[in-house]
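J.: To start, I am sharing the structure in question, which I have written as structure tokens.
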Amino acid sequence: MKNIFVVVFAFTFVVYSGSITIAQEEHQHHNKKDTTVDKTKEDIVSTLRDVNPKVTASIDKIVEHYLHLKNALVNDNSKDAAASGKEIVDAMKILDKSLLTNEQKKIYEDVEDDAREHAEHIGENAGKIEHQREHFDILSNDLYDLVKAFGSSQVLYKYFCPMYNDKEGAIWLSEIKEIKNPYYGKKMPNCGSMKEQIK
Amino acid sequence: MKRIKKILLGILFILLIAFIVIQFIRPARNVSGQVSETDILKTYNIPSNVSNLLKNACYDCHSNNTNYPWYSNIQPVGWFLAKDIKDGKAELNFSEFGSLSSRRQISKLKNVESRIKDGTMPLPTYQFIHSVARLSEDEKQLLIDWIKSTKDSIALNR
């Protein structure tokens with residue numbers, strides 16, 4: 001009788017101790033270089049007026065850490081990516097929302113929760129770079145909407161990688177005029193094309 | 001030899017007592033008993049084959065209503081389930097999906113899609129016990145197609 005209990009006990013531990021991680025299938029990609037630079041890129045100028053300089057400084061800080069994150073992913077460095085994710089979360093905490101006008105607040109708050117959540121996930125998932133890239137995809141959309149509205153002190157370029165997400169595609173922001181793909185890292189550094197220039 | 005047997009029996013006895021004692025420590029149940037107004041099933045028109053998949057494979061950990069199996073009454077199984085449910089709801093709660101902004105709904109759906117594709121959701125441990133949560137390739141595709149069209153329609157109406 002006692003033995004039965006011990007067996008049941010042991011079994012429940014075996015079944016539930018930690019989740020079994022299924023080996024993530026590495027996405028297979030052909031090595032074809034996709035380096036077409038879109039000639040029809042447009043210039044985007046921020047839509048909001050009268051942004052408080054302190055807010056601009058905070059947004060610049062968020063963007064700066066985002067760019068670190070992007071570069072870490074370009075270099076397949078999951079640990080640095082995680083550190084940058086955390087920096088983004090911290091930088092977002094510093095932004096003083098009382099300095100925002102109602103219109104600015106509406107735009108910022110729409111982006112805020114989502115961006116923070118994805119930055120947090122990236123911060124918590126050191127070692128799982130594909131998972132971080134997934135969140136980076138959504139975070140990039142959030143940050144793009146943010147700088148499109150609030151502007152950026154440095155010129156940013158919006159790139160598009162047509163292959164990511166089973167060819168649904170994904171964007172990223174970059175400070176340089178050279179394609180360095182954060183979604184595939186060293187596997188396919190040149191995949192993508194420039195779409196916009198944000199000033 | 002006799003001594004070793006005695007010690008082993010002693011250990012078994014202690015384990016048995018511990019097992020009985022922990023049965024009295026029961027986690028709170030995740031059962032609201034109703035489908036909330038903000039539930040994704042009420043927010044969007046979802047075909048029944050899709051909603052059945054959601055209910056069977058996701059709702060135990062990602063809604064306010066868990067359909068508890070009998071062994072959830074045995075501890076520590078119940079504790080592990082309670083933790084999975086707590087973590088699951090913190091990540092995504094379909095019962096409150098309608099209260100999220102369009103942006104967040106789209107990004108949650110995107111993550112669901114990725115989890116189904118990479119096979120990390122439903123949790124392998126959960127699938128091991130729940131045969132209904134084991135999604136066939138067709139079922140996965142059905143969910144993914146539904147997610148894609150829902151994402152698009154949210155983006156359009158934003």
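Identifiers in the structure tokens: chain A, B, ... in order shown; residue index from 1 per chain; ligand index from 1 in order shown.
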Name the residues of region 12-194 of chain A that fall into strand (DSSP E or B) according to DSSP on the backbone, using the chain letters and numbers of this document, as a PDB file with C-alpha atoms, in the first residue's frame.
T.:
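New file states.pdb:
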```
ATOM      1  CA  GLU A  42       9.981  57.893 -48.444  1.00  0.00           C
ATOM      2  CA  ASP A  43      10.854  60.419 -45.812  1.00  0.00           C
ATOM      3  CA  ILE A  44       8.703  60.395 -42.716  1.00  0.00           C
ATOM      4  CA  LEU A 156      16.367  56.322 -38.424  1.00  0.00           C
ATOM      5  CA  TYR A 157      15.777  53.944 -41.271  1.00  0.00           C
ATOM      6  CA  LYS A 158      12.934  51.513 -41.491  1.00  0.00           C
ATOM      7  CA  TYR A 159      13.842  48.213 -43.076  1.00  0.00           C
ATOM      8  CA  PHE A 160      11.645  45.367 -44.150  1.00  0.00           C
ATOM      9  CA  CYS A 161      12.561  41.680 -44.114  1.00  0.00           C
ATOM     10  CA  ALA A 170       8.739  42.046 -40.421  1.00  0.00           C
ATOM     11  CA  ILE A 171      10.183  45.520 -40.024  1.00  0.00           C
ATOM     12  CA  TRP A 172      13.027  46.898 -37.955  1.00  0.00           C
ATOM     13  CA  LEU A 173      14.509  50.290 -37.272  1.00  0.00           C
ATOM     14  CA  SER A 174      18.171  51.041 -37.779  1.00  0.00           C
ATOM     15  CA  SER A 193      15.279  46.400 -47.970  1.00  0.00           C
ATOM     16  CA  MET A 194      15.042  49.990 -46.818  1.00  0.00           C
TER      17      MET A 194
END
```
J.: At a cut-off of 7 Å, which residues of chain B touch chain A? Count only C-alpha atoms and give the answer as a CSV table (one decimal) with N, CA and C atoms, in the first residue's frame.
T.:
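Saved file result07.csv follows:
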```
chain,number,residue,atom,x,y,z
B,12,LEU,N,9.5,5.6,4.3
B,12,LEU,CA,8.2,5.5,3.5
B,12,LEU,C,7.1,6.0,4.4
B,16,LEU,N,4.5,9.0,3.5
B,16,LEU,CA,3.1,8.8,3.5
B,16,LEU,C,2.4,9.8,4.3
B,77,VAL,N,-0.3,17.6,-7.4
B,77,VAL,CA,-0.7,17.9,-8.8
B,77,VAL,C,-1.5,19.2,-8.9
B,80,PHE,N,0.7,22.3,-9.0
B,80,PHE,CA,1.4,22.5,-10.3
B,80,PHE,C,0.4,23.1,-11.3
B,104,ARG,N,-2.7,45.6,-28.6
B,104,ARG,CA,-2.4,44.4,-27.8
B,104,ARG,C,-3.1,43.1,-28.2
B,107,SER,N,-1.0,41.8,-31.0
B,107,SER,CA,0.3,41.2,-30.6
B,107,SER,C,0.1,39.9,-29.8
B,118,ASP,N,5.6,26.8,-33.1
B,118,ASP,CA,6.8,26.2,-32.6
B,118,ASP,C,6.5,25.0,-31.6
B,120,THR,N,5.4,25.0,-28.6
B,120,THR,CA,5.6,25.1,-27.1
B,120,THR,C,4.2,25.2,-26.4
B,124,PRO,N,3.5,20.8,-23.5
B,124,PRO,CA,3.7,19.3,-23.8
B,124,PRO,C,3.2,18.5,-22.6
B,125,THR,N,3.4,19.0,-21.4
B,125,THR,CA,3.0,18.2,-20.2
B,125,THR,C,1.5,18.1,-20.1
```
J.: Show me, as an MDAnalysis selection string, the residues that have an atom within 12 Å of Ser99 (chain B) when counting only C-alpha atoms, minus same-chain residues fewer than 3 positions from it.
T.: chainID B and resid 36:40 42:43 92:96 102:105
J.: Kindly save the residues from that selection, with N, CA and C atoms included, as a PDB file, in the first residue's frame.
T.:
```
ATOM      1  N   SER B  36     -17.499  35.862 -19.477  1.00  0.00           N
ATOM      2  CA  SER B  36     -17.543  37.308 -19.293  1.00  0.00           C
ATOM      3  C   SER B  36     -17.831  38.029 -20.610  1.00  0.00           C
ATOM      4  N   GLU B  37     -18.297  39.277 -20.487  1.00  0.00           N
ATOM      5  CA  GLU B  37     -18.622  40.082 -21.665  1.00  0.00           C
ATOM      6  C   GLU B  37     -17.382  40.351 -22.512  1.00  0.00           C
ATOM      7  N   THR B  38     -16.224  40.358 -21.853  1.00  0.00           N
ATOM      8  CA  THR B  38     -14.986  40.657 -22.576  1.00  0.00           C
ATOM      9  C   THR B  38     -14.327  39.392 -23.136  1.00  0.00           C
ATOM     10  N   ASP B  39     -14.975  38.252 -22.992  1.00  0.00           N
ATOM     11  CA  ASP B  39     -14.402  37.001 -23.504  1.00  0.00           C
ATOM     12  C   ASP B  39     -14.251  37.084 -25.026  1.00  0.00           C
ATOM     13  N   ILE B  40     -13.176  36.514 -25.516  1.00  0.00           N
ATOM     14  CA  ILE B  40     -12.929  36.576 -26.962  1.00  0.00           C
ATOM     15  C   ILE B  40     -14.086  35.923 -27.733  1.00  0.00           C
ATOM     16  N   LYS B  42     -17.118  36.231 -27.095  1.00  0.00           N
ATOM     17  CA  LYS B  42     -18.209  37.200 -27.243  1.00  0.00           C
ATOM     18  C   LYS B  42     -17.772  38.428 -28.025  1.00  0.00           C
ATOM     19  N   THR B  43     -16.465  38.683 -28.044  1.00  0.00           N
ATOM     20  CA  THR B  43     -15.951  39.866 -28.734  1.00  0.00           C
ATOM     21  C   THR B  43     -15.924  39.658 -30.246  1.00  0.00           C
ATOM     22  N   LEU B  92      -1.815  35.601 -20.980  1.00  0.00           N
ATOM     23  CA  LEU B  92      -2.951  35.783 -21.894  1.00  0.00           C
ATOM     24  C   LEU B  92      -4.210  35.219 -21.242  1.00  0.00           C
ATOM     25  N   ASN B  93      -5.237  36.083 -21.139  1.00  0.00           N
ATOM     26  CA  ASN B  93      -6.490  35.621 -20.567  1.00  0.00           C
ATOM     27  C   ASN B  93      -7.611  35.871 -21.580  1.00  0.00           C
ATOM     28  N   PHE B  94      -8.065  34.804 -22.213  1.00  0.00           N
ATOM     29  CA  PHE B  94      -9.101  34.958 -23.241  1.00  0.00           C
ATOM     30  C   PHE B  94     -10.400  35.534 -22.667  1.00  0.00           C
ATOM     31  N   SER B  95     -10.618  35.360 -21.380  1.00  0.00           N
ATOM     32  CA  SER B  95     -11.833  35.905 -20.758  1.00  0.00           C
ATOM     33  C   SER B  95     -11.811  37.431 -20.709  1.00  0.00           C
ATOM     34  N   GLU B  96     -10.623  38.010 -20.819  1.00  0.00           N
ATOM     35  CA  GLU B  96     -10.518  39.474 -20.755  1.00  0.00           C
ATOM     36  C   GLU B  96      -9.979  40.063 -22.053  1.00  0.00           C
ATOM     37  N   SER B 102      -6.582  47.400 -29.431  1.00  0.00           N
ATOM     38  CA  SER B 102      -6.392  46.674 -30.701  1.00  0.00           C
ATOM     39  C   SER B 102      -4.945  46.247 -30.863  1.00  0.00           C
ATOM     40  N   ARG B 103      -4.047  47.152 -30.511  1.00  0.00           N
ATOM     41  CA  ARG B 103      -2.620  46.860 -30.642  1.00  0.00           C
ATOM     42  C   ARG B 103      -2.246  45.615 -29.839  1.00  0.00           C
ATOM     43  N   ARG B 104      -2.731  45.558 -28.612  1.00  0.00           N
ATOM     44  CA  ARG B 104      -2.372  44.423 -27.766  1.00  0.00           C
ATOM     45  C   ARG B 104      -3.077  43.142 -28.208  1.00  0.00           C
ATOM     46  N   GLN B 105      -4.304  43.275 -28.683  1.00  0.00           N
ATOM     47  CA  GLN B 105      -4.992  42.075 -29.186  1.00  0.00           C
ATOM     48  C   GLN B 105      -4.203  41.465 -30.335  1.00  0.00           C
TER      49      GLN B 105
END
```
J.: Counting only C-alpha atoms, what is within 7 Å of region 183-187 of chain A, bar same-chain residues fewer than 5 positions away, as an MDAnalysis selection string?
T.: chainID A and resid 73:76 133
J.: Emit the selected residues as a PDB file, in the first residue's frame, including C-alpha atoms.
T.:
```pdb
ATOM      1  CA  LEU A  73      20.276  40.348 -32.513  1.00  0.00           C
ATOM      2  CA  VAL A  74      22.278  41.122 -35.667  1.00  0.00           C
ATOM      3  CA  ASN A  75      25.268  39.592 -33.858  1.00  0.00           C
ATOM      4  CA  ASP A  76      23.253  36.618 -32.569  1.00  0.00           C
ATOM      5  CA  ARG A 133      13.305  37.836 -32.186  1.00  0.00           C
TER       6      ARG A 133
END
```
J.: Show me, as a PyMOL selection string, the residues that have an atom within 12 Å of region 24-27 of chain B when counting only C-alpha atoms, minus same-chain residues fewer than 2 positions from it.
T.: chain B and resi 17-22+29-30+72-83+85-86
J.: Generate the output file for the selected residues, C-alpha atoms, as a compact mmCIF listing (two decimals), in the first residue's frame.
T.:
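File result_34.txt, as written:
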```
# COMPACT_ATOMS: atom_id res chain seq x y z
CA ILE B 17 2.28 11.10 6.34
CA ALA B 18 3.62 14.05 4.33
CA PHE B 19 1.51 12.98 1.38
CA ILE B 20 -1.61 12.89 3.54
CA VAL B 21 -0.86 16.23 5.17
CA ILE B 22 -0.36 18.10 1.89
CA ARG B 29 -9.99 27.25 -7.92
CA ASN B 30 -10.10 29.17 -11.17
CA SER B 72 -6.32 18.07 -9.63
CA ASN B 73 -7.69 17.09 -6.21
CA ILE B 74 -4.50 15.18 -5.48
CA GLN B 75 -1.65 17.32 -4.22
CA PRO B 76 0.92 18.25 -5.34
CA VAL B 77 -0.68 17.89 -8.80
CA GLY B 78 -3.22 20.58 -7.92
CA TRP B 79 -0.41 22.95 -6.97
CA PHE B 80 1.40 22.51 -10.25
CA LEU B 81 -1.84 23.05 -12.15
CA ALA B 82 -2.53 26.20 -10.11
CA LYS B 83 0.89 27.56 -11.05
CA ILE B 85 -2.97 28.52 -14.63
CA LYS B 86 -1.63 31.57 -12.83
```
J.: Skipping near chain neighbours, those fewer than 5 positions away, what residues fall within 7 Å of Ala91 (chain A) using only C-alpha atoms, listed as a PyMOL selection string?
T.: chain A and resi 58+61-62
J.: The selected residues should be written to file as a PDB file, in the first residue's frame (atoms: N, CA and C atoms).
T.:
```
ATOM      1  N   SER A  58      13.722  61.355 -23.483  1.00  0.00           N
ATOM      2  CA  SER A  58      13.339  60.018 -23.006  1.00  0.00           C
ATOM      3  C   SER A  58      13.101  59.065 -24.164  1.00  0.00           C
ATOM      4  N   LYS A  61      16.281  57.935 -25.595  1.00  0.00           N
ATOM      5  CA  LYS A  61      16.897  56.923 -24.742  1.00  0.00           C
ATOM      6  C   LYS A  61      16.300  55.536 -25.049  1.00  0.00           C
ATOM      7  N   ILE A  62      14.989  55.492 -25.164  1.00  0.00           N
ATOM      8  CA  ILE A  62      14.308  54.233 -25.481  1.00  0.00           C
ATOM      9  C   ILE A  62      14.818  53.710 -26.833  1.00  0.00           C
TER      10      ILE A  62
END
```
J.: How far is it from CA of Leu48 (chain A) to CA of Ala149 (chain A), in Å with one decimal?
T.: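 Value for the CA of Leu48 (chain A)-CA of Ala149 (chain A) distance: 5.5 Å.
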